[in-house]
file run.cif (mmCIF, C-alpha atoms)
data_run
loop_
_atom_site.label_atom_id
_atom_site.label_comp_id
_atom_site.auth_asym_id
_atom_site.auth_seq_id
_atom_site.Cartn_x
_atom_site.Cartn_y
_atom_site.Cartn_z
CA MET A 1 0.00 0.00 0.00
CA LEU A 2 2.86 2.31 0.84
CA ARG A 3 4.52 1.52 -2.46
CA VAL A 4 1.34 2.32 -4.40
CA THR A 5 0.86 5.57 -2.51
CA ASN A 6 4.44 6.64 -3.16
CA THR A 7 4.09 5.74 -6.81
CA LYS A 8 0.95 7.83 -7.12
CA ALA A 9 2.58 10.71 -5.29
CA ALA A 10 5.64 10.52 -7.51
CA SER A 11 3.44 10.35 -10.59
CA ALA A 12 1.43 13.36 -9.44
CA SER A 13 4.62 15.27 -8.65
CA SER A 14 6.11 14.41 -12.04
CA SER A 15 2.90 15.41 -13.79
CA GLU A 16 2.80 18.69 -11.91
CA PHE A 17 6.44 19.39 -12.77
CA SER A 18 5.95 18.68 -16.46
CA GLN A 19 2.97 21.00 -16.77
CA PRO A 20 4.03 24.25 -18.47
CA THR A 21 3.82 27.28 -16.23
CA MET A 22 1.48 29.96 -17.53
CA LYS A 23 3.41 33.08 -16.49
CA LEU A 24 7.02 34.22 -16.35
CA GLN A 25 8.57 37.10 -14.47
CA PRO A 26 9.28 40.16 -16.68
CA ILE A 27 13.04 39.60 -16.43
CA ASP A 28 12.58 36.04 -17.69
CA GLU A 29 10.33 37.25 -20.50
CA LEU A 30 13.04 39.70 -21.57
CA LEU A 31 15.61 36.90 -21.46
CA LEU A 32 13.36 34.75 -23.65
CA PHE A 33 12.99 37.59 -26.15
CA LEU A 34 16.76 38.24 -26.30
CA MET A 35 17.48 34.53 -26.71
CA HIS A 36 15.13 34.54 -29.68
CA LEU A 37 16.67 37.67 -31.24
CA SER A 38 20.36 37.38 -30.38
CA VAL A 39 20.89 33.62 -30.07
CA GLY A 40 18.31 32.79 -32.72
CA LEU A 41 16.56 30.05 -30.73
CA PRO A 42 13.43 29.03 -32.65
CA LEU A 43 9.93 29.15 -31.27
CA ARG A 44 9.76 25.38 -30.98
CA ASP A 45 12.79 25.40 -28.64
CA LEU A 46 12.01 28.28 -26.26
CA PRO A 47 8.85 26.80 -24.64
CA GLU A 48 10.82 23.72 -23.59
CA ARG A 49 13.54 25.83 -21.98
CA PHE A 50 11.16 28.08 -20.06
CA GLY A 51 8.42 25.55 -19.26
CA ILE A 52 5.64 27.42 -21.03
CA HIS A 53 3.24 26.79 -23.88
CA ARG A 54 4.30 27.66 -27.40
CA THR A 55 1.48 30.17 -27.77
CA THR A 56 2.64 31.87 -24.57
CA ALA A 57 6.20 32.13 -25.89
CA SER A 58 4.90 33.58 -29.15
CA LYS A 59 2.87 36.20 -27.29
CA ILE A 60 5.87 37.11 -25.11
CA ILE A 61 8.07 37.67 -28.18
CA ALA A 62 5.39 39.77 -29.87
CA SER A 63 4.74 41.83 -26.72
CA TRP A 64 8.41 42.57 -26.01
CA THR A 65 9.07 43.36 -29.66
CA HIS A 66 6.29 45.93 -29.68
CA PHE A 67 7.26 47.30 -26.24
CA LEU A 68 10.96 47.77 -27.07
CA TYR A 69 10.14 49.15 -30.50
CA ASN A 70 8.03 51.89 -28.94
CA LEU A 71 10.31 52.46 -25.93
CA LEU A 72 13.63 52.65 -27.79
CA GLY A 73 12.06 54.21 -30.86
CA SER A 74 10.75 57.09 -28.77
CA GLN A 75 14.34 58.13 -28.01
CA ARG A 76 15.82 60.64 -30.42
CA LEU A 77 18.24 58.96 -32.81
CA TRP A 78 19.04 61.95 -34.99
CA ILE A 79 22.18 63.69 -33.73
CA PRO A 80 22.74 67.47 -34.09
CA ARG A 81 25.59 68.53 -36.34
CA GLU A 82 27.58 70.03 -33.47
CA THR A 83 27.49 66.74 -31.56
CA VAL A 84 28.53 64.78 -34.64
CA LYS A 85 31.47 67.11 -35.17
CA THR A 86 32.55 66.75 -31.54
CA HIS A 87 32.70 62.94 -31.85
CA LEU A 88 34.13 62.84 -35.38
CA ARG A 89 36.50 59.91 -35.87
CA PRO A 90 40.05 60.51 -37.18
CA GLU A 91 39.21 58.27 -40.13
CA PHE A 92 36.88 61.00 -41.41
CA SER A 93 39.55 63.71 -41.37
CA ALA A 94 39.37 63.95 -45.18
CA PHE A 95 35.59 64.51 -44.93
CA PRO A 96 35.24 66.52 -41.70
CA ASP A 97 31.86 68.01 -42.60
CA THR A 98 30.12 64.63 -43.00
CA GLN A 99 27.07 64.36 -40.76
CA GLU A 100 25.35 61.23 -42.02
CA VAL A 101 26.33 58.04 -43.82
CA LEU A 102 23.52 56.22 -45.64
CA ASP A 103 23.46 52.61 -46.71
CA CYS A 104 21.04 49.75 -47.31
CA THR A 105 21.09 46.25 -45.88
CA GLU A 106 19.02 43.16 -46.57
CA ILE A 107 17.58 40.27 -44.58
CA PHE A 108 16.46 36.99 -46.11
CA CYS A 109 12.86 35.81 -45.96
CA GLN A 110 11.07 32.68 -47.09
CA THR A 111 10.03 32.65 -50.73
CA PRO A 112 6.28 33.32 -51.09
CA SER A 113 4.20 30.83 -53.04
CA SER A 114 2.56 33.66 -54.99
CA LEU A 115 4.46 34.43 -58.19
CA LEU A 116 3.50 38.09 -57.87
CA LEU A 117 4.97 38.34 -54.37
CA GLN A 118 8.04 36.41 -55.49
CA SER A 119 8.71 39.01 -58.18
CA GLU A 120 8.46 41.79 -55.59
CA VAL A 121 10.82 40.39 -52.94
CA PHE A 122 13.27 38.36 -55.05
CA SER A 123 16.74 39.89 -55.29
CA LYS A 124 18.70 39.14 -58.45
CA TYR A 125 21.86 40.33 -56.71
CA LYS A 126 21.37 38.00 -53.71
CA SER A 127 19.50 35.29 -55.66
CA HIS A 128 17.07 35.11 -52.76
CA ALA A 129 13.86 36.62 -51.43
CA THR A 130 14.88 39.60 -49.32
CA PHE A 131 13.65 42.67 -47.50
CA THR A 132 15.70 45.87 -47.66
CA ALA A 133 16.09 48.63 -45.07
CA MET A 134 17.85 51.98 -45.26
CA ILE A 135 20.11 52.83 -42.35
CA GLY A 136 21.69 56.14 -41.41
CA MET A 137 24.80 56.35 -39.24
CA ALA A 138 26.81 59.15 -37.70
CA PRO A 139 30.53 59.07 -38.59
CA HIS A 140 31.40 57.72 -35.13
CA GLY A 141 29.21 54.66 -35.71
CA ALA A 142 25.92 55.33 -33.92
CA PHE A 143 22.70 54.53 -35.75
CA THR A 144 20.75 57.73 -36.30
CA PHE A 145 18.07 56.51 -38.70
CA VAL A 146 16.40 53.15 -39.39
CA SER A 147 13.73 52.82 -42.05
CA GLY A 148 11.03 50.23 -42.41
CA LEU A 149 11.55 47.10 -44.50
CA TYR A 150 10.81 47.25 -48.21
CA ALA A 151 10.53 44.69 -50.99
CA ASP A 152 13.88 44.23 -52.69
CA SER A 153 12.36 45.06 -56.07
CA MET A 154 12.29 48.70 -54.97
CA SER A 155 15.22 50.89 -55.99
CA ASN A 156 17.38 52.89 -53.59
CA TYR A 157 15.74 56.00 -55.01
CA GLU A 158 12.26 54.75 -54.06
CA ILE A 159 13.38 53.59 -50.61
CA LEU A 160 15.03 56.94 -49.86
CA LYS A 161 11.87 58.71 -50.94
CA LEU A 162 9.50 56.53 -48.92
CA SER A 163 11.67 56.11 -45.82
CA GLY A 164 11.26 59.75 -44.80
CA ILE A 165 14.94 60.52 -44.32
CA ALA A 166 14.86 63.00 -47.19
CA ASN A 167 12.69 65.20 -44.97
CA LEU A 168 15.50 65.30 -42.37
CA LEU A 169 18.14 66.49 -44.83
CA THR A 170 18.79 70.22 -45.10
CA PRO A 171 20.89 72.23 -47.57
CA ASP A 172 23.61 72.89 -44.97
CA MET A 173 24.18 69.16 -44.32
CA VAL A 174 26.72 66.80 -45.89
CA ILE A 175 26.00 63.09 -46.33
CA MET A 176 27.96 60.12 -47.66
CA MET A 177 26.55 57.20 -49.63
CA ASP A 178 27.50 54.46 -52.06
CA LYS A 179 27.74 55.04 -55.80
CA GLY A 180 24.52 53.08 -56.35
CA PHE A 181 22.50 55.87 -54.70
CA LEU A 182 21.65 58.13 -57.64
CA VAL A 183 19.38 60.37 -55.61
CA ASP A 184 20.82 63.84 -56.11
CA ASN A 185 17.42 65.37 -56.88
CA LEU A 186 16.04 63.97 -53.60
CA ALA A 187 18.95 64.97 -51.36
CA PRO A 188 18.93 68.78 -50.98
CA CYS A 189 22.48 68.78 -49.64
CA LYS A 190 26.08 68.04 -50.52
CA VAL A 191 26.78 64.35 -51.18
CA TYR A 192 30.06 62.45 -50.93
CA ARG A 193 29.89 59.45 -53.22
CA PRO A 194 32.39 57.36 -55.21
CA ALA A 195 32.75 58.55 -58.78
CA PHE A 196 30.18 57.02 -61.10
CA LEU A 197 31.12 57.47 -64.74
CA PRO A 198 29.79 56.04 -68.00
CA ARG A 199 31.68 53.19 -69.61
CA ASN A 200 34.94 54.05 -71.39
CA THR A 201 35.17 57.37 -69.56
CA GLN A 202 38.49 58.29 -67.97
CA ILE A 203 38.33 59.15 -64.27
CA ASN A 204 40.62 61.93 -63.08
CA ARG A 205 43.19 61.60 -60.30
CA GLU A 206 41.21 63.56 -57.72
CA ASP A 207 38.13 61.39 -58.21
CA VAL A 208 40.27 58.27 -57.86
CA ARG A 209 41.68 59.53 -54.57
CA GLN A 210 38.25 60.44 -53.21
CA THR A 211 36.74 57.13 -54.33
CA GLN A 212 39.47 55.19 -52.53
CA SER A 213 39.00 57.24 -49.37
CA ILE A 214 35.24 56.68 -49.34
CA ALA A 215 35.69 52.96 -50.03
CA HIS A 216 38.01 52.75 -47.02
CA LEU A 217 35.44 54.46 -44.78
CA ARG A 218 32.69 52.12 -45.96
CA VAL A 219 34.54 49.24 -44.29
CA HIS A 220 33.69 50.85 -40.94
CA VAL A 221 30.09 51.32 -42.02
CA GLU A 222 29.81 47.64 -42.88
CA ARG A 223 31.15 46.77 -39.43
CA CYS A 224 28.27 48.67 -37.84
CA ILE A 225 25.73 46.87 -40.00
CA ARG A 226 27.41 43.56 -39.16
CA ARG A 227 26.66 44.16 -35.48
CA VAL A 228 22.97 44.11 -36.33
CA ARG A 229 23.37 40.98 -38.39
CA GLU A 230 25.23 39.27 -35.53
CA ASN A 231 21.78 38.65 -34.09
CA LYS A 232 21.36 35.00 -35.05
CA LEU A 233 17.67 35.46 -35.84
CA PHE A 234 18.76 37.02 -39.14
CA ASP A 235 21.03 34.08 -40.02
CA ARG A 236 18.10 32.12 -41.38
CA ASP A 237 15.19 32.88 -43.66
CA ILE A 238 12.51 34.85 -41.84
CA PRO A 239 9.24 32.86 -41.94
CA LEU A 240 6.41 34.58 -43.76
CA SER A 241 4.22 33.97 -40.71
CA VAL A 242 6.19 36.57 -38.69
CA CYS A 243 6.67 39.11 -41.47
CA GLY A 244 4.11 41.31 -39.76
CA SER A 245 6.47 41.88 -36.81
CA ILE A 246 9.87 41.47 -38.46
CA GLU A 247 10.10 45.18 -39.21
CA GLU A 248 9.79 46.01 -35.51
CA LEU A 249 12.26 43.23 -34.63
CA PHE A 250 14.81 44.58 -37.09
CA ASN A 251 14.41 48.11 -35.75
CA VAL A 252 14.85 46.89 -32.16
CA ALA A 253 18.06 45.08 -33.18
CA CYS A 254 19.40 48.36 -34.62
CA PHE A 255 18.34 50.39 -31.58
CA LEU A 256 20.08 47.97 -29.21
CA VAL A 257 23.40 48.37 -31.04
CA ASN A 258 23.55 51.97 -29.81
CA TYR A 259 23.46 50.67 -26.21
CA GLN A 260 26.04 47.92 -26.65
CA TYR A 261 29.22 49.91 -27.22
CA THR A 262 30.59 53.27 -26.15
CA ASP A 263 33.23 53.07 -28.88
CA HIS A 264 31.20 51.89 -31.86
CA TRP A 265 34.22 51.03 -33.96
#

call {"tool": "encode", "arguments": {"input": "run.cif", "output": "structure tokens"}}
result
Amino acid sequence: MLRVTNTKAASASSSEFSQPTMKLQPIDELLLFLMHLSVGLPLRDLPERFGIHRTTASKIIASWTHFLYNLLGSQRLWIPRETVKTHLRPEFSAFPDTQEVLDCTEIFCQTPSSLLLQSEVFSKYKSHATFTAMIGMAPHGAFTFVSGLYADSMSNYEILKLSGIANLLTPDMVIMMDKGFLVDNLAPCKVYRPAFLPRNTQINREDVRQTQSIAHLRVHVERCIRRVRENKLFDRDIPLSVCGSIEELFNVACFLVNYQYTDHW
């Protein structure tokens, strides 16, 4: 009788232990969210680690994504010109008046079954379905602008126009961008950009020197973008089922980079 009772008690205890808990402390919810974003743990793995239902884990990720997007996004990213000049890196000594560096980056997503959607998000350059975002950085490496995500079929011109950053540019500013950004009529300010000449056209010595200098600086820009892409969530194709929140997730990843390092380079 004692053996049966102990067996039942052990069974009840085991059953109680295996039941997923329905609520986590906020600090544990934040840990779950960061493990999803930074470590890239999938949704099927997180419930097992935290002892919760899969739907609960999904709601936690969605809630923290939205919360951090609004909390961090409410902080001013755009940096005044005087502050940028104060923190100007020595690498920008040849372009001391640069206030903003613009670039685009892509994240992979699953290929839609619809042929129409495939044509909108498929990148010939990447040979994959991708979303594209425009990012603005101060010369010392802090993110100062993050756009939404756009279908890769859109040109840099269209993204710059729709992202809203053109409204932040003023005639007294100086920005730097890649040679693929042919947006002079949208940017009402001075633009540093590698020389872009028609085929069989000779480039002069000064343009060669400036192009090499800008190319060298773009290495540092790519390092900043790489810090966003170090979040393992972006190592795999983003499922179409979460595309509704991936824009907020990507923005949160960019916002968090500004809090990770005091010396961004």

call {"tool": "atom_distance", "arguments": {"input": "run.cif", "atom1": "CA of His53 in chain A", "atom2": "CA of Leu68 in chain A"}}
result
22.6 Å

call {"tool": "residues_around", "arguments": {"input": "run.cif", "residues": "Ala151 in chain A", "least_positions_apart": "2", "cutoff": "9 Å", "atoms": "all atoms listed in the file", "output": "list in words"}}
result
Glu120, Val121, Phe122, Ser123, Ala129, Thr130, Phe131, Thr132, Leu149, Ser153 and Met154 of chain A

call {"tool": "write_last_selection", "arguments": {"input": "run.cif", "atoms": "C-alpha atoms", "output": "short mmCIF file (atom, residue, chain, number, x, y, z; two decimals), in the frame of the given file"}}
result
data_model
loop_
_atom_site.label_atom_id
_atom_site.label_comp_id
_atom_site.auth_asym_id
_atom_site.auth_seq_id
_atom_site.Cartn_x
_atom_site.Cartn_y
_atom_site.Cartn_z
CA GLU A 120 8.46 41.79 -55.59
CA VAL A 121 10.82 40.39 -52.94
CA PHE A 122 13.27 38.36 -55.05
CA SER A 123 16.74 39.89 -55.29
CA ALA A 129 13.86 36.62 -51.43
CA THR A 130 14.88 39.60 -49.32
CA PHE A 131 13.65 42.67 -47.50
CA THR A 132 15.70 45.87 -47.66
CA LEU A 149 11.55 47.10 -44.50
CA SER A 153 12.36 45.06 -56.07
CA MET A 154 12.29 48.70 -54.97
#

call {"tool": "resolve_selection", "arguments": {"input": "run.cif", "expression": "the PyMOL selection byres ((chain A and resi 240) around 9)", "output": "VMD selection string"}}
result
chain A and resid 109 to 112 237 to 239 241 to 244

call {"tool": "write_last_selection", "arguments": {"input": "run.cif", "atoms": "C-alpha atoms", "output": "compact mmCIF listing (two decimals), in the coordinates of the input"}}
result
# COMPACT_ATOMS: atom_id res chain seq x y z
CA CYS A 109 12.86 35.81 -45.96
CA GLN A 110 11.07 32.68 -47.09
CA THR A 111 10.03 32.65 -50.73
CA PRO A 112 6.28 33.32 -51.09
CA ASP A 237 15.19 32.88 -43.66
CA ILE A 238 12.51 34.85 -41.84
CA PRO A 239 9.24 32.86 -41.94
CA SER A 241 4.22 33.97 -40.71
CA VAL A 242 6.19 36.57 -38.69
CA CYS A 243 6.67 39.11 -41.47
CA GLY A 244 4.11 41.31 -39.76

call {"tool": "closest_residue", "arguments": {"input": "run.cif", "among": "A:Gln75, A:Thr56, A:Thr83, A:Ser245", "to": "Asp97 in chain A", "atoms": "all atoms listed in the file"}}
result
A:Thr83

call {"tool": "residues_around", "arguments": {"input": "run.cif", "residues": "Asn70 in chain A", "least_positions_apart": "6", "cutoff": "12 Å", "atoms": "only C-alpha atoms", "output": "list in words"}}
result
Ser63, Trp64, Arg76, Glu248, Leu249, Asn251, Val252 and Phe255 of chain A

call {"tool": "write_last_selection", "arguments": {"input": "run.cif", "atoms": "C-alpha atoms", "output": "short mmCIF file (atom, residue, chain, number, x, y, z; two decimals), keeping the file's coordinate frame"}}
result
data_model
loop_
_atom_site.label_atom_id
_atom_site.label_comp_id
_atom_site.auth_asym_id
_atom_site.auth_seq_id
_atom_site.Cartn_x
_atom_site.Cartn_y
_atom_site.Cartn_z
CA SER A 63 4.74 41.83 -26.72
CA TRP A 64 8.41 42.57 -26.01
CA ARG A 76 15.82 60.64 -30.42
CA GLU A 248 9.79 46.01 -35.51
CA LEU A 249 12.26 43.23 -34.63
CA ASN A 251 14.41 48.11 -35.75
CA VAL A 252 14.85 46.89 -32.16
CA PHE A 255 18.34 50.39 -31.58
#
